[in-house]
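Peer 1: File run-v2.pdb follows (PDB, C-alpha atoms):
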```pdb
ATOM      1  CA  MET A   1       0.000   0.000   0.000
ATOM      2  CA  VAL A   2       1.469   3.333  -1.072
ATOM      3  CA  ALA A   3       2.189   5.777   1.789
ATOM      4  CA  ARG A   4       0.250   8.937   0.968
ATOM      5  CA  SER A   5       2.409  10.822   3.478
ATOM      6  CA  ALA A   6       5.338  10.605   1.028
ATOM      7  CA  LEU A   7       3.738  13.209  -1.272
ATOM      8  CA  GLY A   8       5.930  16.323  -1.289
ATOM      9  CA  GLU A   9       8.920  14.602   0.344
ATOM     10  CA  GLU A  10      12.265  15.926  -0.901
ATOM     11  CA  GLY A  11      15.596  14.133  -1.048
ATOM     12  CA  ALA A  12      18.897  15.664   0.037
ATOM     13  CA  PRO A  13      20.788  17.316  -2.865
ATOM     14  CA  PHE A  14      23.704  15.330  -4.287
ATOM     15  CA  GLU A  15      26.389  15.835  -6.927
ATOM     16  CA  MET A  16      26.845  13.853 -10.129
ATOM     17  CA  ASP A  17      29.989  14.034 -12.270
ATOM     18  CA  ILE A  18      29.428  13.191 -15.932
ATOM     19  CA  GLU A  19      32.371  10.897 -16.717
ATOM     20  CA  ARG A  20      33.760   9.901 -20.133
ATOM     21  CA  GLY A  21      34.465   6.280 -19.139
ATOM     22  CA  LYS A  22      30.942   5.812 -17.773
ATOM     23  CA  ILE A  23      29.436   7.269 -20.953
ATOM     24  CA  ASP A  24      31.494   4.781 -23.020
ATOM     25  CA  GLU A  25      30.425   1.828 -20.829
ATOM     26  CA  PHE A  26      26.743   2.858 -20.817
ATOM     27  CA  ALA A  27      26.635   3.531 -24.578
ATOM     28  CA  ARG A  28      28.013   0.030 -25.269
ATOM     29  CA  ALA A  29      25.491  -1.560 -22.876
ATOM     30  CA  VAL A  30      22.506  -0.024 -24.747
ATOM     31  CA  GLY A  31      24.034  -0.347 -28.234
ATOM     32  CA  ALA A  32      24.413   3.407 -28.854
ATOM     33  CA  THR A  33      27.018   3.833 -31.615
ATOM     34  CA  HIS A  34      26.993   7.583 -32.431
ATOM     35  CA  ALA A  35      30.549   8.990 -32.575
ATOM     36  CA  ARG A  36      29.591  11.821 -30.154
ATOM     37  CA  HIS A  37      29.429   9.266 -27.293
ATOM     38  CA  PHE A  38      33.043   8.209 -27.903
ATOM     39  CA  CYS A  39      34.855  11.447 -28.738
ATOM     40  CA  GLU A  40      37.768  12.455 -26.495
ATOM     41  CA  GLU A  41      36.498  15.911 -25.592
ATOM     42  CA  ARG A  42      33.125  16.472 -23.952
ATOM     43  CA  ALA A  43      31.491  13.190 -25.011
ATOM     44  CA  ALA A  44      27.665  13.411 -25.181
ATOM     45  CA  VAL A  45      25.565  11.225 -22.860
ATOM     46  CA  PRO A  46      23.185   8.556 -24.226
ATOM     47  CA  ALA A  47      19.479   9.512 -23.956
ATOM     48  CA  THR A  48      18.788   7.585 -20.727
ATOM     49  CA  PHE A  49      22.238   8.043 -19.118
ATOM     50  CA  LEU A  50      20.934  10.124 -16.195
ATOM     51  CA  THR A  51      19.587   6.860 -14.742
ATOM     52  CA  THR A  52      23.176   6.401 -13.462
ATOM     53  CA  ILE A  53      22.328   8.726 -10.547
ATOM     54  CA  PHE A  54      22.063   5.304  -8.810
ATOM     55  CA  PHE A  55      25.846   5.548  -8.267
ATOM     56  CA  TRP A  56      25.768   9.131  -6.972
ATOM     57  CA  GLU A  57      22.694   9.210  -4.728
ATOM     58  CA  LYS A  58      24.174   6.356  -2.652
ATOM     59  CA  ARG A  59      26.917   8.718  -1.511
ATOM     60  CA  VAL A  60      24.492  11.043   0.305
ATOM     61  CA  SER A  61      22.174   9.830   3.043
ATOM     62  CA  GLY A  62      18.510  10.623   2.303
ATOM     63  CA  ALA A  63      19.166  11.550  -1.349
ATOM     64  CA  ASN A  64      16.452   9.290  -2.777
ATOM     65  CA  PRO A  65      12.995   9.788  -1.202
ATOM     66  CA  TRP A  66      11.399   6.961  -3.268
ATOM     67  CA  HIS A  67      11.583   4.402  -0.404
ATOM     68  CA  LEU A  68       9.192   6.654   1.590
ATOM     69  CA  VAL A  69       6.480   5.707  -0.951
ATOM     70  CA  GLU A  70       6.647   2.101   0.395
ATOM     71  CA  MET A  71       5.495   0.712  -2.947
ATOM     72  CA  SER A  72       4.972  -3.073  -2.865
ATOM     73  CA  GLU A  73       7.802  -5.076  -4.463
ATOM     74  CA  GLU A  74       5.325  -7.664  -5.751
ATOM     75  CA  ARG A  75       2.538  -5.377  -7.020
ATOM     76  CA  GLY A  76       4.569  -2.292  -7.905
ATOM     77  CA  MET A  77       6.380  -1.550 -11.146
ATOM     78  CA  HIS A  78       8.195   1.106 -13.176
ATOM     79  CA  ALA A  79       5.459   2.273 -15.541
ATOM     80  CA  GLU A  80       7.051   5.231 -17.304
ATOM     81  CA  GLN A  81      10.303   7.171 -17.419
ATOM     82  CA  GLU A  82      10.865  10.581 -18.973
ATOM     83  CA  TYR A  83      13.906  12.867 -19.425
ATOM     84  CA  LEU A  84      13.637  16.541 -20.358
ATOM     85  CA  PHE A  85      16.679  18.494 -21.577
ATOM     86  CA  HIS A  86      16.550  22.301 -21.519
ATOM     87  CA  GLY A  87      19.297  22.509 -24.154
ATOM     88  CA  PRO A  88      21.846  19.964 -25.407
ATOM     89  CA  PRO A  89      22.071  16.999 -22.963
ATOM     90  CA  PRO A  90      24.989  16.934 -20.477
ATOM     91  CA  LYS A  91      28.539  16.174 -21.607
ATOM     92  CA  ALA A  92      31.589  14.568 -20.025
ATOM     93  CA  GLY A  93      33.194  17.009 -17.606
ATOM     94  CA  ASP A  94      29.915  18.486 -16.352
ATOM     95  CA  ARG A  95      29.223  18.494 -12.624
ATOM     96  CA  LEU A  96      25.499  18.510 -11.883
ATOM     97  CA  THR A  97      23.640  19.064  -8.628
ATOM     98  CA  CYS A  98      20.617  16.800  -8.367
ATOM     99  CA  LYS A  99      17.535  16.809  -6.159
ATOM    100  CA  SER A 100      14.551  14.427  -6.139
ATOM    101  CA  THR A 101      10.984  15.193  -4.992
ATOM    102  CA  ILE A 102       7.810  13.063  -4.803
ATOM    103  CA  THR A 103       5.549  15.394  -6.778
ATOM    104  CA  ASP A 104       2.303  13.559  -7.604
ATOM    105  CA  MET A 105       0.073  10.665  -6.531
ATOM    106  CA  TRP A 106      -3.197   9.643  -8.129
ATOM    107  CA  ASP A 107      -5.547   6.659  -8.423
ATOM    108  CA  LYS A 108      -7.128   5.149 -11.511
ATOM    109  CA  GLN A 109      -9.465   2.162 -11.967
ATOM    110  CA  SER A 110      -8.074  -0.545 -14.245
ATOM    111  CA  ARG A 111     -10.329  -2.265 -16.798
ATOM    112  CA  SER A 112     -10.350  -5.340 -14.541
ATOM    113  CA  GLY A 113     -11.602  -3.239 -11.609
ATOM    114  CA  ASP A 114      -8.323  -3.035  -9.632
ATOM    115  CA  THR A 115      -7.173   0.279  -8.188
ATOM    116  CA  LEU A 116      -3.955   1.533  -9.756
ATOM    117  CA  THR A 117      -2.021   4.029  -7.645
ATOM    118  CA  PHE A 118       0.484   6.103  -9.623
ATOM    119  CA  VAL A 119       3.383   7.973  -7.992
ATOM    120  CA  LYS A 120       5.663  10.457  -9.719
ATOM    121  CA  MET A 121       9.175  11.496  -8.645
ATOM    122  CA  VAL A 122      10.975  14.374 -10.362
ATOM    123  CA  THR A 123      14.766  14.722 -10.179
ATOM    124  CA  GLU A 124      16.141  18.142 -11.144
ATOM    125  CA  PHE A 125      19.671  18.488 -12.546
ATOM    126  CA  ARG A 126      21.356  21.895 -12.264
ATOM    127  CA  ASP A 127      24.716  23.036 -13.638
ATOM    128  CA  GLU A 128      27.389  24.899 -11.674
ATOM    129  CA  THR A 129      25.598  28.235 -12.200
ATOM    130  CA  GLY A 130      22.360  26.805 -10.746
ATOM    131  CA  GLN A 131      20.574  26.653 -14.090
ATOM    132  CA  LEU A 132      18.108  23.784 -14.578
ATOM    133  CA  VAL A 133      19.566  21.684 -17.427
ATOM    134  CA  ALA A 134      17.607  18.429 -17.205
ATOM    135  CA  GLU A 135      14.752  16.689 -15.387
ATOM    136  CA  ALA A 136      14.113  12.977 -14.848
ATOM    137  CA  ILE A 137      10.485  11.993 -14.224
ATOM    138  CA  LEU A 138       9.865   8.499 -12.852
ATOM    139  CA  THR A 139       6.323   7.094 -12.690
ATOM    140  CA  GLY A 140       5.705   4.000 -10.593
ATOM    141  CA  VAL A 141       2.397   2.145 -10.334
ATOM    142  CA  GLU A 142       1.005  -0.228  -7.717
ATOM    143  CA  ARG A 143      -1.959  -2.513  -8.404
ATOM    144  CA  GLN A 144      -4.412  -3.025  -5.520
ATOM    145  CA  PRO A 145      -7.082  -5.725  -6.007
TER     146      PRO A 145
ATOM    147  CA  MET B   1      14.797  12.762 -43.212
ATOM    148  CA  THR B   2      14.274   9.072 -43.862
ATOM    149  CA  PRO B   3      14.450   6.844 -40.777
ATOM    150  CA  PRO B   4      17.134   4.144 -40.776
ATOM    151  CA  PRO B   5      16.003   0.496 -40.908
ATOM    152  CA  PRO B   6      14.683  -1.112 -37.703
ATOM    153  CA  ARG B   7      17.299  -2.337 -35.222
ATOM    154  CA  ILE B   8      17.191  -5.939 -34.025
ATOM    155  CA  LEU B   9      17.942  -6.286 -30.295
ATOM    156  CA  GLY B  10      18.657  -9.875 -29.339
ATOM    157  CA  PRO B  11      18.129 -12.692 -28.890
ATOM    158  CA  LEU B  12      18.641 -11.112 -25.448
ATOM    159  CA  THR B  13      20.858 -12.920 -22.954
ATOM    160  CA  ARG B  14      21.440 -12.747 -19.211
ATOM    161  CA  THR B  15      24.844 -11.313 -20.114
ATOM    162  CA  ASP B  16      23.111  -8.355 -21.818
ATOM    163  CA  PHE B  17      21.140  -7.707 -18.601
ATOM    164  CA  VAL B  18      24.227  -7.956 -16.371
ATOM    165  CA  ARG B  19      26.288  -5.685 -18.646
ATOM    166  CA  TYR B  20      23.519  -3.066 -18.470
ATOM    167  CA  GLN B  21      23.101  -3.447 -14.710
ATOM    168  CA  GLY B  22      26.812  -2.864 -14.153
ATOM    169  CA  ALA B  23      26.734   0.189 -16.417
ATOM    170  CA  SER B  24      23.600   1.693 -14.849
ATOM    171  CA  GLY B  25      24.057   0.822 -11.164
ATOM    172  CA  ASP B  26      20.609  -0.826 -10.896
ATOM    173  CA  MET B  27      21.518  -4.135  -9.219
ATOM    174  CA  ASN B  28      17.959  -5.475  -8.701
ATOM    175  CA  PRO B  29      18.464  -9.309  -8.492
ATOM    176  CA  VAL B  30      15.215  -9.979 -10.414
ATOM    177  CA  HIS B  31      17.241  -9.284 -13.580
ATOM    178  CA  HIS B  32      20.069 -11.794 -12.982
ATOM    179  CA  ASP B  33      19.325 -14.160 -10.043
ATOM    180  CA  GLU B  34      17.354 -17.178 -11.309
ATOM    181  CA  GLY B  35      16.066 -18.190  -7.851
ATOM    182  CA  PHE B  36      15.032 -14.662  -6.946
ATOM    183  CA  ALA B  37      13.190 -14.166 -10.258
ATOM    184  CA  LYS B  38      11.314 -17.478  -9.907
ATOM    185  CA  ALA B  39      10.340 -16.701  -6.303
ATOM    186  CA  ALA B  40       8.917 -13.403  -7.586
ATOM    187  CA  GLY B  41       6.710 -15.353 -10.034
ATOM    188  CA  PHE B  42       8.707 -14.974 -13.261
ATOM    189  CA  PRO B  43       9.818 -17.904 -15.456
ATOM    190  CA  ALA B  44      13.362 -16.451 -15.719
ATOM    191  CA  PRO B  45      15.239 -13.223 -14.935
ATOM    192  CA  LEU B  46      13.458 -10.434 -16.777
ATOM    193  CA  ALA B  47      15.119  -7.816 -18.958
ATOM    194  CA  VAL B  48      15.850  -4.479 -17.307
ATOM    195  CA  GLY B  49      13.182  -2.072 -18.584
ATOM    196  CA  MET B  50      15.758   0.695 -18.863
ATOM    197  CA  LEU B  51      17.900  -1.558 -21.111
ATOM    198  CA  THR B  52      15.156  -1.964 -23.714
ATOM    199  CA  ALA B  53      14.324   1.753 -23.316
ATOM    200  CA  GLY B  54      17.988   2.717 -23.730
ATOM    201  CA  ALA B  55      18.320   0.566 -26.858
ATOM    202  CA  LEU B  56      15.136   2.044 -28.367
ATOM    203  CA  ASN B  57      16.444   5.569 -27.683
ATOM    204  CA  ALA B  58      19.884   4.659 -29.091
ATOM    205  CA  TRP B  59      18.298   3.779 -32.447
ATOM    206  CA  ALA B  60      16.975   7.366 -32.594
ATOM    207  CA  THR B  61      20.038   9.221 -31.226
ATOM    208  CA  ASP B  62      22.329   7.274 -33.610
ATOM    209  CA  TRP B  63      20.174   8.716 -36.395
ATOM    210  CA  LEU B  64      19.415  12.299 -35.254
ATOM    211  CA  GLY B  65      22.384  12.957 -32.933
ATOM    212  CA  PRO B  66      22.535  12.689 -29.116
ATOM    213  CA  GLU B  67      23.250  16.440 -28.758
ATOM    214  CA  ASN B  68      19.925  17.259 -30.486
ATOM    215  CA  LEU B  69      17.693  15.346 -28.044
ATOM    216  CA  ARG B  70      15.365  17.486 -25.913
ATOM    217  CA  ARG B  71      12.848  15.006 -24.502
ATOM    218  CA  THR B  72      12.296  11.280 -24.232
ATOM    219  CA  ARG B  73       9.430   9.401 -22.617
ATOM    220  CA  ILE B  74       9.228   5.613 -22.294
ATOM    221  CA  ARG B  75       6.374   3.314 -21.304
ATOM    222  CA  TRP B  76       6.720  -0.423 -20.736
ATOM    223  CA  LYS B  77       3.895  -2.702 -21.853
ATOM    224  CA  ARG B  78       5.059  -6.237 -21.056
ATOM    225  CA  PRO B  79       8.106  -8.026 -19.590
ATOM    226  CA  VAL B  80      10.897  -9.310 -21.848
ATOM    227  CA  PHE B  81      12.928 -12.482 -21.114
ATOM    228  CA  PRO B  82      16.197 -14.120 -22.208
ATOM    229  CA  GLY B  83      15.804 -15.492 -25.739
ATOM    230  CA  ASP B  84      13.386 -12.714 -26.790
ATOM    231  CA  THR B  85      14.283 -10.556 -29.774
ATOM    232  CA  LEU B  86      12.951  -7.004 -30.077
ATOM    233  CA  THR B  87      12.544  -5.031 -33.274
ATOM    234  CA  LEU B  88      13.158  -1.345 -32.522
ATOM    235  CA  VAL B  89      11.783   1.263 -34.886
ATOM    236  CA  GLY B  90      10.237   4.725 -35.023
ATOM    237  CA  GLU B  91       8.926   7.446 -37.273
ATOM    238  CA  ILE B  92       8.573  11.198 -37.287
ATOM    239  CA  SER B  93       5.044  12.137 -36.202
ATOM    240  CA  ARG B  94       5.325  15.953 -36.301
ATOM    241  CA  ARG B  95       7.667  18.659 -37.544
ATOM    242  CA  TYR B  96       7.249  22.200 -36.141
ATOM    243  CA  GLU B  97       8.908  25.452 -35.059
ATOM    244  CA  GLU B  98       9.512  26.118 -31.360
ATOM    245  CA  LYS B  99      11.830  28.607 -29.602
ATOM    246  CA  GLY B 100      13.217  29.614 -33.017
ATOM    247  CA  GLU B 101      14.255  26.046 -33.824
ATOM    248  CA  THR B 102      12.833  23.341 -36.077
ATOM    249  CA  ARG B 103      11.879  20.342 -33.976
ATOM    250  CA  VAL B 104      10.603  16.860 -34.735
ATOM    251  CA  ASP B 105       8.566  14.506 -32.569
ATOM    252  CA  LEU B 106       9.105  10.764 -32.948
ATOM    253  CA  GLU B 107       6.956   7.787 -32.003
ATOM    254  CA  LEU B 108       8.893   4.590 -31.335
ATOM    255  CA  SER B 109       8.161   1.004 -30.454
ATOM    256  CA  GLY B 110       9.927  -2.219 -29.534
ATOM    257  CA  ARG B 111       8.052  -5.385 -30.565
ATOM    258  CA  THR B 112       8.789  -8.967 -29.621
ATOM    259  CA  GLN B 113       9.210 -11.844 -32.078
ATOM    260  CA  GLU B 114       5.474 -12.545 -31.533
ATOM    261  CA  ASP B 115       4.758  -8.920 -32.572
ATOM    262  CA  HIS B 116       3.679  -7.889 -29.057
ATOM    263  CA  ILE B 117       4.538  -4.321 -28.065
ATOM    264  CA  ALA B 118       7.074  -4.489 -25.204
ATOM    265  CA  VAL B 119       8.057  -0.820 -25.008
ATOM    266  CA  LEU B 120       6.803   2.471 -26.454
ATOM    267  CA  GLY B 121       8.698   5.728 -26.776
ATOM    268  CA  TRP B 122       8.121   9.373 -27.624
ATOM    269  CA  MET B 123      11.058  11.660 -28.346
ATOM    270  CA  THR B 124      11.666  15.262 -29.385
ATOM    271  CA  PHE B 125      14.780  16.372 -31.275
ATOM    272  CA  VAL B 126      16.018  19.702 -32.556
ATOM    273  CA  CYS B 127      16.514  19.215 -36.302
ATOM    274  CA  PRO B 128      20.169  18.510 -37.037
TER     275      PRO B 128
END
```
Go ahead and render the structure in this file as structure tokens.
Peer 2:
Amino acid sequence: MVARSALGEEGAPFEMDIERGKIDEFARAVGATHARHFCEERAAVPATFLTTIFFWEKRVSGANPWHLVEMSEERGMHAEQEYLFHGPPPKAGDRLTCKSTITDMWDKQSRSGDTLTFVKMVTEFRDETGQLVAEAILTGVERQP
Amino acid sequence: MTPPPPRILGPLTRTDFVRYQGASGDMNPVHHDEGFAKAAGFPAPLAVGMLTAGALNAWATDWLGPENLRRTRIRWKRPVFPGDTLTLVGEISRRYEEKGETRVDLELSGRTQEDHIAVLGWMTFVCP
């Protein structure tokens, strides 16, 4: 059962360094072959690369508020993922400051009559001047018979 | 702007899942631990959703350029397992002017060998 109290919860800010070696490894894992991922200077990230915040949020206690949602492991799933870029996507050498917030929760009836509870978490990515450069929007869903 | 041919992803292997998990940092055992996956009710470890999403997006960024991407949205429709092969493809659905730039919207899909939709995508690029 999703914890409604998690709505509005914010994670602690954390830093993410965009690294050339990680871009290379990630691009190979998803089969991205564009030369811009492999150039020596300022390599461009693959489209879904910001998912690697997994490595960075672990370094700061309380960085990821998602666990506060208490979504069931058996009945919950990753329904949608979105990335917005307010300009060209990040490049190797960038240092971003990231912050995640539980922004939305809503219910919907499924065709089979179950209640589907959707939860949205938005992670903001800001550059060294504080400008918002990207957003990651995760939507999870839990099915309740 | 003619789209490139569809990309064939697979037949997917457990090695593909593990390589992606190491690269992404998502170490959920349901994607590589046979016993854990079966206890969770799956016939085998299931593909990482973000792997199929990343591959679908890579088809498009290889074509239109990773630096031109402005938005991507992915929705998963059904689980994918080792041995499955996905056909990844997309097409331009709209071309328009925004913020002084020409942009294109794409609709993408990944279908299994049985022609079931496994993953859907929507992307926006600045025209290269």
Peer 1: On this structure, the ChimeraX specification (/B :<9) & /A would catch which residues? List them as number ranges by chain, sorted by chain and number.
Peer 2: A: 22-23, 25-37, 44-55, 73-74, 78-91, 137
Peer 1: In Å, rounded to a single decimal, give me how far CA of Cys98 in chain A is from CA of Ser72 in chain A.
Peer 2: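 Going from CA of Ser72 in chain A over to CA of Cys98 in chain A, I get 25.9 Å.
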Peer 1: In Å, rounded to a single decimal, give me how far CA of Leu46 in chain B is from CA of Leu108 in chain B.
Peer 2: 21.4 Å
Peer 1: Work out how far apart CA of Glu9 in chain A and CA of Pro145 in chain A are and give it in Å to one decimal.
Peer 2: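 Between CA of Glu9 in chain A and CA of Pro145 in chain A the gap works out to 26.6 Å.
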Peer 1: With all atoms listed in the file as the basis for distance, which of B:Gly83, B:Pro128, B:Gly110, B:Gly90 is at the shortest distance from Pro4 in chain B?
Peer 2: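 Once distances to Pro4 in chain B are computed over all atoms listed in the file, the minimum belongs to B:Gly90.
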Peer 1: My list of candidates is A:Asp17, A:Glu10, A:Glu40, A:Glu70. Which is closest to Gly93 in chain A when distances are computed with all atoms listed in the file?
Peer 2: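 Checking each candidate against Gly93 in chain A, we get A:Asp17 as the closest.
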Peer 1: Could you tell me which residues the PyMOL selection byres ((chain A and resi 5) around 12) grabs in this file, written as a PDB file with C-alpha atoms, in the coordinates of the input?
Peer 2:
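The resulting file, result06.pdb, is shown below:
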```
ATOM      1  CA  MET A   1       0.000   0.000   0.000  1.00  0.00           C
ATOM      2  CA  VAL A   2       1.469   3.333  -1.072  1.00  0.00           C
ATOM      3  CA  ALA A   3       2.189   5.777   1.789  1.00  0.00           C
ATOM      4  CA  ARG A   4       0.250   8.937   0.968  1.00  0.00           C
ATOM      5  CA  ALA A   6       5.338  10.605   1.028  1.00  0.00           C
ATOM      6  CA  LEU A   7       3.738  13.209  -1.272  1.00  0.00           C
ATOM      7  CA  GLY A   8       5.930  16.323  -1.289  1.00  0.00           C
ATOM      8  CA  GLU A   9       8.920  14.602   0.344  1.00  0.00           C
ATOM      9  CA  GLU A  10      12.265  15.926  -0.901  1.00  0.00           C
ATOM     10  CA  PRO A  65      12.995   9.788  -1.202  1.00  0.00           C
ATOM     11  CA  TRP A  66      11.399   6.961  -3.268  1.00  0.00           C
ATOM     12  CA  HIS A  67      11.583   4.402  -0.404  1.00  0.00           C
ATOM     13  CA  LEU A  68       9.192   6.654   1.590  1.00  0.00           C
ATOM     14  CA  VAL A  69       6.480   5.707  -0.951  1.00  0.00           C
ATOM     15  CA  GLU A  70       6.647   2.101   0.395  1.00  0.00           C
ATOM     16  CA  ILE A 102       7.810  13.063  -4.803  1.00  0.00           C
ATOM     17  CA  THR A 103       5.549  15.394  -6.778  1.00  0.00           C
ATOM     18  CA  ASP A 104       2.303  13.559  -7.604  1.00  0.00           C
ATOM     19  CA  MET A 105       0.073  10.665  -6.531  1.00  0.00           C
ATOM     20  CA  VAL A 119       3.383   7.973  -7.992  1.00  0.00           C
TER      21      VAL A 119
END
```
Peer 1: Hey, can I get the axis-aligned box for range 13-32 of chain A? All listed atoms, 5 Å padding on each side, centre and edge lengths in Å to one decimal, as JSON.
Peer 2:
```
{"center_x": 27.6, "center_y": 7.9, "center_z": -15.9, "size_x": 23.7, "size_y": 28.9, "size_z": 36.0}
```
Peer 1: Determine the nearest neighbour of Gly21 in chain A from the options A:Thr97, A:Ala92, A:Ser110, A:Arg59, counting only C-alpha atoms.
Peer 2: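 That would be A:Ala92, the residue with the smallest distance to Gly21 in chain A.
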Peer 1: Residues within 12 Å of Lys108 in chain A, please, as a PDB file with C-alpha atoms, in the frame of the given file. Count only C-alpha atoms; anything in the same chain fewer than 3 positions from it doesn't count.
Peer 2:
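See part_34.pdb below for the written result:
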```pdb
ATOM      1  CA  MET A 105       0.073  10.665  -6.531  1.00  0.00           C
ATOM      2  CA  ARG A 111     -10.329  -2.265 -16.798  1.00  0.00           C
ATOM      3  CA  SER A 112     -10.350  -5.340 -14.541  1.00  0.00           C
ATOM      4  CA  GLY A 113     -11.602  -3.239 -11.609  1.00  0.00           C
ATOM      5  CA  ASP A 114      -8.323  -3.035  -9.632  1.00  0.00           C
ATOM      6  CA  THR A 115      -7.173   0.279  -8.188  1.00  0.00           C
ATOM      7  CA  LEU A 116      -3.955   1.533  -9.756  1.00  0.00           C
ATOM      8  CA  THR A 117      -2.021   4.029  -7.645  1.00  0.00           C
ATOM      9  CA  PHE A 118       0.484   6.103  -9.623  1.00  0.00           C
ATOM     10  CA  VAL A 119       3.383   7.973  -7.992  1.00  0.00           C
ATOM     11  CA  VAL A 141       2.397   2.145 -10.334  1.00  0.00           C
ATOM     12  CA  GLU A 142       1.005  -0.228  -7.717  1.00  0.00           C
ATOM     13  CA  ARG A 143      -1.959  -2.513  -8.404  1.00  0.00           C
ATOM     14  CA  GLN A 144      -4.412  -3.025  -5.520  1.00  0.00           C
TER      15      GLN A 144
END
```
Peer 1: Could you tell me which residues the PyMOL selection byres ((chain B and resi 81) around 8) grabs in this file, written as a list in words?
Peer 2: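 The output of the PyMOL selection byres ((chain B and resi 81) around 8) on this file is Leu12, Ala44, Pro45, Leu46, Ala47, Pro79, Val80, Pro82, Gly83 and Asp84 of chain B.
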